[in-house]
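> Below is a structure I'd like to ask you about.
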Amino acid sequence: MKSTVFFIRSKTGEGLDSLAQKTRRMLESTLGGSTSGESVPIKKGDLIGVKTTFGEKGNIGHLKPPIVRAAVEYVRAAGAKPFVVETNTLYVGQRSNAIDHIQHAYNRGFTPEAIGAPIVIADGLRGENDFSMPLPQLGFKGSKAQGLKGPGLTKTAFIAGAAKASSGFVSLSHVTGHMLTGLGATLKNIGMGLASRGGKLAMHSGVVPKILTDKCKACGLCAEFCPAGAITIKGYSIIDARKCIGCGECLAVCPHEAVKISWDENTENLQKKVAEYCLAILKGKEKKSVFLNFLIHVTEQCDCMDKAYPPAFEDIGILASRDPVAVEQATVDLVREHVREDFFHKAWPNIDYTTQIDYAHEIGLGSKDYELIEVGRGTLQRAPTK
Ligand code: SF4
Ligand code: SF4
């Protein structure tokens, strides 16, 4: 059966009030509400995370507070309790601990007054708060078509604690290109964006963290926090690779930035792990989650870059679905139709960005087969593009 993806057009330069109204309309079309007359699956007492990103300082592409507020108000109108959810970054910067991250959000206009809800950094102060979910528990058997045997690439997913505890998500993704995955949209917003620091580490790296011995002060904090007993201190910290489970705790707690990430995972594995994390994070929350992709101010680089990039093409609109794979497939199809070329491939020719979508489909996260309905106009008949 085909999944349904809703679409509403927008124009470059369209005001934020109008985009906020359209965001609300997409939520009503997808989840139900006053315009559709359908009952909403989000209920009283649900804790619903509105997942977005606040962008790096200097970047201008991220979704703006009125759009986030529209989603918050929709959730509240359904009787549930909304919160705006993000996680700490793996790299050290303004968003690598919860205090700096929340202050950064405030500085960029995401105050509780502006967005109408509190911000929760879901993996705790330094990324230490997570929930370990073995993937075999999900009945995940890998993917023959992708050449994987057994339980896939992720044995245990490290999910941000508050993401695990939430009832569902309204995912608001600003669609961009991405230097590691070619495409950054829903799958990345959820799979990477709601993983704890250990999860991000596991997705980005195939090996254990390294200790920078010249920076290490032998304080022992990493050894104290290491859940695997993998660290000993002998003049400096030493990690036993045979014991390390790659949780990233040492990275999070080291006060001297002496623990280094090996950014060595290839893009194919990284994209597959992102899809596997999506599966783990959304488990049990499928009925109360919805995924919006904004084709507005689309840039080759993602919003984590600290520069203001101009849009690569005119704005297209907003897509929404309850299927995270269908919305992703519809997004790349629509971009290809609109700009008459494979924009994401052209931007990142050495990365096959379709891996994440194909693999997500293979492992049962959703379906690439979809019907596109333009809000107010009905089903769009389109030539197949793949
Ligand atoms: S926490 Fe950092 S500085 Fe302290 S022992 Fe571990 S690596 Fe060294
Ligand atoms: S990443 Fe490895 S060494 Fe670091 S805290 Fe986790 S298990 Fe211990």
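Labels for the structure tokens follow display order: chains A, B, ..., residues from 1 in each chain, ligands from 1.
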Go through stretch 127-283 of chain A and collect every residue that DSSP, computed from the backbone, puts in alpha helix (DSSP H); the answer should be as number ranges by chain.
A: 161-165, 186-191, 197-204, 221-225, 249-253, 267-282
> Would you save the residues of that selection, restricted to N, CA and C atoms, as a compact mmCIF listing (two decimals), in the first residue's frame?

# COMPACT_ATOMS: atom_id res chain seq x y z
N GLY A 161 17.98 10.03 26.24
CA GLY A 161 17.03 9.59 27.26
C GLY A 161 15.64 10.20 27.12
N ALA A 162 15.57 11.52 26.95
CA ALA A 162 14.26 12.17 26.86
C ALA A 162 13.54 11.83 25.56
N ALA A 163 14.30 11.47 24.54
CA ALA A 163 13.68 11.05 23.28
C ALA A 163 13.01 9.69 23.49
N LYS A 164 13.71 8.83 24.21
CA LYS A 164 13.14 7.51 24.50
C LYS A 164 11.86 7.64 25.34
N ALA A 165 11.87 8.60 26.27
CA ALA A 165 10.73 8.75 27.19
C ALA A 165 9.55 9.50 26.57
N THR A 186 14.60 14.35 7.02
CA THR A 186 13.93 13.66 8.13
C THR A 186 14.79 12.56 8.76
N LEU A 187 15.36 11.68 7.95
CA LEU A 187 16.08 10.54 8.52
C LEU A 187 17.22 11.01 9.41
N LYS A 188 17.88 12.06 8.96
CA LYS A 188 19.00 12.57 9.74
C LYS A 188 18.50 13.33 10.97
N ASN A 189 17.42 14.08 10.81
CA ASN A 189 16.87 14.85 11.93
C ASN A 189 16.49 13.93 13.09
N ILE A 190 15.95 12.76 12.76
CA ILE A 190 15.56 11.80 13.80
C ILE A 190 16.71 10.88 14.17
N GLY A 191 17.29 10.20 13.18
CA GLY A 191 18.28 9.15 13.45
C GLY A 191 19.54 9.67 14.11
N ARG A 197 25.10 11.25 22.55
CA ARG A 197 26.45 11.46 22.05
C ARG A 197 27.13 10.14 21.68
N GLY A 198 26.89 9.11 22.50
CA GLY A 198 27.45 7.79 22.21
C GLY A 198 26.90 7.25 20.90
N GLY A 199 25.63 7.50 20.65
CA GLY A 199 25.01 7.07 19.40
C GLY A 199 25.64 7.78 18.21
N LYS A 200 25.84 9.07 18.36
CA LYS A 200 26.46 9.84 17.26
C LYS A 200 27.88 9.33 17.01
N LEU A 201 28.57 9.03 18.11
CA LEU A 201 29.93 8.51 17.98
C LEU A 201 29.92 7.19 17.21
N ALA A 202 29.00 6.32 17.59
CA ALA A 202 28.93 5.00 16.95
C ALA A 202 28.58 5.13 15.47
N MET A 203 27.78 6.12 15.11
CA MET A 203 27.42 6.28 13.70
C MET A 203 28.59 6.84 12.89
N HIS A 204 29.36 7.72 13.51
CA HIS A 204 30.44 8.40 12.78
C HIS A 204 31.74 7.62 12.77
N LEU A 221 38.35 11.17 35.50
CA LEU A 221 36.90 11.32 35.37
C LEU A 221 36.33 10.35 34.33
N CYS A 222 37.04 10.18 33.22
CA CYS A 222 36.55 9.28 32.16
C CYS A 222 36.46 7.85 32.69
N ALA A 223 37.46 7.44 33.46
CA ALA A 223 37.46 6.07 34.00
C ALA A 223 36.29 5.89 34.97
N GLU A 224 36.00 6.94 35.73
CA GLU A 224 34.90 6.89 36.70
C GLU A 224 33.56 6.70 35.99
N PHE A 225 33.39 7.35 34.85
CA PHE A 225 32.11 7.30 34.13
C PHE A 225 32.01 6.14 33.15
N GLU A 249 30.78 8.16 26.51
CA GLU A 249 30.72 8.81 27.83
C GLU A 249 32.02 9.56 28.14
N CYS A 250 33.16 8.96 27.80
CA CYS A 250 34.46 9.59 28.08
C CYS A 250 34.58 10.91 27.33
N LEU A 251 34.05 10.91 26.13
CA LEU A 251 34.06 12.12 25.29
C LEU A 251 33.24 13.23 25.94
N ALA A 252 32.11 12.80 26.52
CA ALA A 252 31.19 13.77 27.12
C ALA A 252 31.73 14.35 28.41
N VAL A 253 32.40 13.54 29.22
CA VAL A 253 32.76 14.01 30.56
C VAL A 253 34.14 14.66 30.64
N THR A 267 30.53 6.86 4.14
CA THR A 267 29.18 7.43 4.04
C THR A 267 28.10 6.36 3.92
N GLU A 268 28.43 5.25 3.26
CA GLU A 268 27.41 4.21 3.10
C GLU A 268 27.01 3.63 4.46
N ASN A 269 28.00 3.27 5.25
CA ASN A 269 27.70 2.74 6.58
C ASN A 269 27.04 3.78 7.47
N LEU A 270 27.53 5.02 7.38
CA LEU A 270 26.94 6.10 8.18
C LEU A 270 25.45 6.25 7.86
N GLN A 271 25.13 6.27 6.59
CA GLN A 271 23.72 6.43 6.20
C GLN A 271 22.88 5.25 6.67
N LYS A 272 23.44 4.06 6.59
CA LYS A 272 22.68 2.88 7.04
C LYS A 272 22.47 2.91 8.56
N LYS A 273 23.50 3.33 9.27
CA LYS A 273 23.34 3.42 10.73
C LYS A 273 22.30 4.48 11.10
N VAL A 274 22.27 5.59 10.35
CA VAL A 274 21.25 6.62 10.61
C VAL A 274 19.86 6.01 10.46
N ALA A 275 19.67 5.20 9.43
CA ALA A 275 18.35 4.57 9.22
C ALA A 275 18.05 3.58 10.35
N GLU A 276 19.06 2.83 10.79
CA GLU A 276 18.84 1.88 11.89
C GLU A 276 18.49 2.61 13.19
N TYR A 277 19.15 3.72 13.43
CA TYR A 277 18.82 4.53 14.61
C TYR A 277 17.39 5.08 14.53
N CYS A 278 16.99 5.48 13.34
CA CYS A 278 15.60 5.96 13.16
C CYS A 278 14.62 4.88 13.59
N LEU A 279 14.90 3.68 13.15
CA LEU A 279 14.03 2.55 13.46
C LEU A 279 13.93 2.36 14.98
N ALA A 280 15.09 2.43 15.64
CA ALA A 280 15.12 2.23 17.10
C ALA A 280 14.40 3.38 17.82
N ILE A 281 14.66 4.60 17.39
CA ILE A 281 14.10 5.77 18.08
C ILE A 281 12.57 5.83 17.93
N LEU A 282 12.09 5.46 16.74
CA LEU A 282 10.64 5.59 16.49
C LEU A 282 9.84 4.38 16.96
> Within 9 Å of stretch 58-75 of chain A, counting only C-alpha atoms, which residues show up once you throw out same-chain ones fewer than 5 positions away? Write them as a VMD selection string, please.
chain A and resid 16 to 17 19 to 24 27 to 28 33 42 to 43 48 to 53 80 to 84 108 to 111 114 to 117 170 172 to 174 176 294 296 to 299 302 to 311
> Include C-alpha atoms and write out the residues we just selected as an mmCIF file, in the first residue's frame.

data_model
loop_
_atom_site.group_PDB
_atom_site.id
_atom_site.type_symbol
_atom_site.label_atom_id
_atom_site.label_comp_id
_atom_site.auth_asym_id
_atom_site.auth_seq_id
_atom_site.Cartn_x
_atom_site.Cartn_y
_atom_site.Cartn_z
ATOM 1 C CA LEU A 16 6.974 33.678 8.426
ATOM 2 C CA ASP A 17 3.312 34.080 9.442
ATOM 3 C CA LEU A 19 4.787 29.631 6.584
ATOM 4 C CA ALA A 20 3.606 29.084 10.155
ATOM 5 C CA GLN A 21 -0.011 28.817 8.958
ATOM 6 C CA LYS A 22 1.054 26.346 6.296
ATOM 7 C CA THR A 23 2.934 24.305 8.904
ATOM 8 C CA ARG A 24 -0.266 24.078 10.927
ATOM 9 C CA LEU A 27 -0.118 18.959 10.559
ATOM 10 C CA GLU A 28 -3.901 19.026 10.303
ATOM 11 C CA GLY A 33 -7.662 18.424 13.225
ATOM 12 C CA ILE A 42 -1.878 12.713 19.848
ATOM 13 C CA LYS A 43 -3.825 12.642 23.128
ATOM 14 C CA ILE A 48 5.431 15.218 22.249
ATOM 15 C CA GLY A 49 8.902 16.376 21.166
ATOM 16 C CA VAL A 50 8.972 18.969 18.402
ATOM 17 C CA LYS A 51 12.337 18.109 16.855
ATOM 18 C CA THR A 52 14.214 20.829 15.060
ATOM 19 C CA THR A 53 17.669 22.366 15.103
ATOM 20 C CA ALA A 80 -0.768 16.959 24.734
ATOM 21 C CA LYS A 81 2.315 18.559 26.299
ATOM 22 C CA PRO A 82 4.796 19.849 23.693
ATOM 23 C CA PHE A 83 8.498 20.428 24.207
ATOM 24 C CA VAL A 84 11.168 21.419 21.713
ATOM 25 C CA ARG A 108 18.892 32.886 18.046
ATOM 26 C CA GLY A 109 15.345 33.773 19.067
ATOM 27 C CA PHE A 110 14.126 30.372 20.275
ATOM 28 C CA THR A 111 13.049 31.670 23.680
ATOM 29 C CA ALA A 114 8.759 32.850 21.065
ATOM 30 C CA ILE A 115 8.284 29.114 20.604
ATOM 31 C CA GLY A 116 5.672 28.583 23.324
ATOM 32 C CA ALA A 117 7.359 25.594 24.970
ATOM 33 C CA VAL A 170 6.711 16.308 15.276
ATOM 34 C CA LEU A 172 10.550 19.692 11.469
ATOM 35 C CA SER A 173 13.438 19.246 9.037
ATOM 36 C CA HIS A 174 15.061 21.951 7.000
ATOM 37 C CA THR A 176 19.834 20.636 2.910
ATOM 38 C CA PHE A 294 10.769 22.133 4.414
ATOM 39 C CA ILE A 296 12.733 26.439 1.815
ATOM 40 C CA HIS A 297 16.123 28.142 1.489
ATOM 41 C CA VAL A 298 17.696 24.827 0.476
ATOM 42 C CA THR A 299 21.500 24.945 0.586
ATOM 43 C CA CYS A 302 23.811 21.849 6.261
ATOM 44 C CA ASP A 303 22.768 24.257 9.035
ATOM 45 C CA CYS A 304 25.657 23.118 11.243
ATOM 46 C CA MET A 305 28.027 25.235 9.157
ATOM 47 C CA ASP A 306 28.718 28.648 10.683
ATOM 48 C CA LYS A 307 28.183 30.629 7.480
ATOM 49 C CA ALA A 308 25.200 32.207 5.748
ATOM 50 C CA TYR A 309 24.732 30.342 2.462
ATOM 51 C CA PRO A 310 22.384 31.620 -0.266
ATOM 52 C CA PRO A 311 19.581 29.275 -1.350
#
> In Å, how far is it from atom CA of A:Ile231 to atom CA of A:His101?
28.5 Å
> Report the closest atom pair, with its distance in Å rounded to one decimal, for each residue of chain A that has an atom no farther than 6 Å from ligand 2; count only C-alpha atoms and all ligand atoms, sort by chain and then rising residue number, and write it as a Markdown table.

| residue | atom | partner | partner_atom_place_in_ligand_line | distance |
| --- | --- | --- | --- | --- |
| A:Cys226 | CA | ligand 2 | 5 (S) | 3.7 |
| A:Pro227 | CA | ligand 2 | 7 (S) | 5.9 |
| A:Ala228 | CA | ligand 2 | 7 (S) | 4.9 |
| A:Ala230 | CA | ligand 2 | 8 (Fe) | 5.0 |
| A:Ile231 | CA | ligand 2 | 3 (S) | 5.7 |
| A:Ile239 | CA | ligand 2 | 3 (S) | 5.3 |
| A:Cys244 | CA | ligand 2 | 2 (Fe) | 3.7 |
| A:Ile245 | CA | ligand 2 | 7 (S) | 4.4 |
| A:Gly246 | CA | ligand 2 | 1 (S) | 3.8 |
| A:Cys247 | CA | ligand 2 | 6 (Fe) | 3.9 |
| A:Gly248 | CA | ligand 2 | 1 (S) | 4.0 |
| A:Glu249 | CA | ligand 2 | 5 (S) | 4.1 |
| A:Cys250 | CA | ligand 2 | 5 (S) | 4.1 |
> Would you please extract all strand (DSSP E or B) residues from stretch 71-318 of chain A, as assigned by DSSP on the backbone, and give them as a ChimeraX atom specification?
/A:81-86,119-121,130-134,156-160,168-174,176-178,182-184,195,210-211,231-233,237-239,259-260,290-295,317-318
> Could you write out that same residue set with C-alpha atoms as a PDB file, in the first residue's frame?

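To be explicit, this is the file written out as result_36.pdb:
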ATOM      1  CA  LYS A  81       2.315  18.559  26.299  1.00  0.00           C
ATOM      2  CA  PRO A  82       4.796  19.849  23.693  1.00  0.00           C
ATOM      3  CA  PHE A  83       8.498  20.428  24.207  1.00  0.00           C
ATOM      4  CA  VAL A  84      11.168  21.419  21.713  1.00  0.00           C
ATOM      5  CA  VAL A  85      13.766  18.687  21.628  1.00  0.00           C
ATOM      6  CA  GLU A  86      17.398  18.667  20.511  1.00  0.00           C
ATOM      7  CA  ILE A 119      13.596  23.331  25.237  1.00  0.00           C
ATOM      8  CA  VAL A 120      14.796  19.904  26.372  1.00  0.00           C
ATOM      9  CA  ILE A 121      18.303  18.765  25.470  1.00  0.00           C
ATOM     10  CA  ASP A 130      20.938   7.753  27.122  1.00  0.00           C
ATOM     11  CA  PHE A 131      18.962   4.555  26.783  1.00  0.00           C
ATOM     12  CA  SER A 132      20.622   1.468  25.274  1.00  0.00           C
ATOM     13  CA  MET A 133      18.416  -0.465  22.899  1.00  0.00           C
ATOM     14  CA  PRO A 134      19.752  -3.693  21.358  1.00  0.00           C
ATOM     15  CA  THR A 156      22.997  -1.481  20.378  1.00  0.00           C
ATOM     16  CA  ALA A 157      21.476   1.931  19.681  1.00  0.00           C
ATOM     17  CA  PHE A 158      22.202   4.703  22.202  1.00  0.00           C
ATOM     18  CA  ILE A 159      19.072   6.851  22.197  1.00  0.00           C
ATOM     19  CA  ALA A 160      18.861  10.219  23.964  1.00  0.00           C
ATOM     20  CA  GLY A 168       6.059  10.820  19.791  1.00  0.00           C
ATOM     21  CA  PHE A 169       7.587  13.497  17.609  1.00  0.00           C
ATOM     22  CA  VAL A 170       6.711  16.308  15.276  1.00  0.00           C
ATOM     23  CA  SER A 171       9.860  16.342  13.146  1.00  0.00           C
ATOM     24  CA  LEU A 172      10.550  19.692  11.469  1.00  0.00           C
ATOM     25  CA  SER A 173      13.438  19.246   9.037  1.00  0.00           C
ATOM     26  CA  HIS A 174      15.061  21.951   7.000  1.00  0.00           C
ATOM     27  CA  THR A 176      19.834  20.636   2.910  1.00  0.00           C
ATOM     28  CA  GLY A 177      22.723  18.887   1.270  1.00  0.00           C
ATOM     29  CA  HIS A 178      25.217  17.327   3.668  1.00  0.00           C
ATOM     30  CA  GLY A 182      24.655  13.995   0.720  1.00  0.00           C
ATOM     31  CA  LEU A 183      21.133  14.755   1.951  1.00  0.00           C
ATOM     32  CA  GLY A 184      20.050  16.001   5.369  1.00  0.00           C
ATOM     33  CA  ALA A 195      20.787   9.804  19.285  1.00  0.00           C
ATOM     34  CA  LYS A 210      41.526   8.203  20.966  1.00  0.00           C
ATOM     35  CA  ILE A 211      43.209   9.885  23.928  1.00  0.00           C
ATOM     36  CA  ILE A 231      39.727   2.905  30.946  1.00  0.00           C
ATOM     37  CA  THR A 232      42.786   2.804  33.158  1.00  0.00           C
ATOM     38  CA  ILE A 233      44.909   5.790  34.164  1.00  0.00           C
ATOM     39  CA  SER A 237      44.050   7.709  30.159  1.00  0.00           C
ATOM     40  CA  ILE A 238      44.293   4.405  28.285  1.00  0.00           C
ATOM     41  CA  ILE A 239      41.274   2.828  26.556  1.00  0.00           C
ATOM     42  CA  VAL A 259      39.239  12.485  24.034  1.00  0.00           C
ATOM     43  CA  LYS A 260      39.138  12.588  20.265  1.00  0.00           C
ATOM     44  CA  VAL A 290       4.800  13.008  11.909  1.00  0.00           C
ATOM     45  CA  PHE A 291       7.575  14.197   9.623  1.00  0.00           C
ATOM     46  CA  LEU A 292       7.723  17.549   7.830  1.00  0.00           C
ATOM     47  CA  ASN A 293      10.392  18.439   5.256  1.00  0.00           C
ATOM     48  CA  PHE A 294      10.769  22.133   4.414  1.00  0.00           C
ATOM     49  CA  LEU A 295      12.043  22.840   0.891  1.00  0.00           C
ATOM     50  CA  GLY A 317       7.107  24.224  -0.284  1.00  0.00           C
ATOM     51  CA  ILE A 318       6.497  21.873   2.638  1.00  0.00           C
TER      52      ILE A 318
END
> Please, what distance in Å, to one decimal, runs between atom CA of A:Leu31 and atom CA of A:Gly193?
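Separating atom CA of A:Leu31 from atom CA of A:Gly193 is a distance of 22.3 Å.
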> Rounded to one decimal in Å, what is the spacing between atom CA of A:Ala258 and atom CA of A:Tyr106?
29.1 Å
> Counting only C-alpha atoms, figure out which residue out of A:Asp342, A:Glu314, A:Glu337, A:Glu300 gets nearest to A:Thr181.
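Of A:Asp342, A:Glu314, A:Glu337, A:Glu300, the one nearest A:Thr181 is A:Glu300, counting only C-alpha atoms.
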> Which residue is closest to ligand 1? Choose from A:Val40, A:Ala105, A:Cys219, A:Ala241 and count only C-alpha atoms and all ligand atoms.
A:Cys219
> For A:Asp323, find every residue with an atom within 8 Å (counting only C-alpha atoms), except residues of its own chain fewer than 4 positions away, and show them as number ranges by chain.
A: 3-5, 290-291, 327, 365-367
> Looking at A:Ala320, A:Ala98, A:Leu135, A:Leu212, which one is nearest to A:Ile373, with distances taken over only C-alpha atoms?
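Nearest candidate to A:Ile373 out of A:Ala320, A:Ala98, A:Leu135, A:Leu212: A:Ala320.
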> Compare A:Glu56, A:Glu257, A:Asp123, A:Glu374 by their minimum atom-to-atom distance to ligand 1, counting only C-alpha atoms and all ligand atoms, and give me the closest one.
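Checking each candidate against ligand 1, we get A:Glu257 as the closest.
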> Using only C-alpha atoms and all ligand atoms, find the one residue out of A:Gly235, A:Gly55, A:Pro112, A:Gly364 that sits nearest to ligand 1.
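Of A:Gly235, A:Gly55, A:Pro112, A:Gly364, the one nearest ligand 1 is A:Gly235, counting only C-alpha atoms and all ligand atoms.
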> Using only C-alpha atoms and all ligand atoms, which of A:Gly32, A:Pro41, A:Pro255, A:Gly13 sits nearest ligand 1?
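Closest to ligand 1, using only C-alpha atoms and all ligand atoms: A:Pro255.
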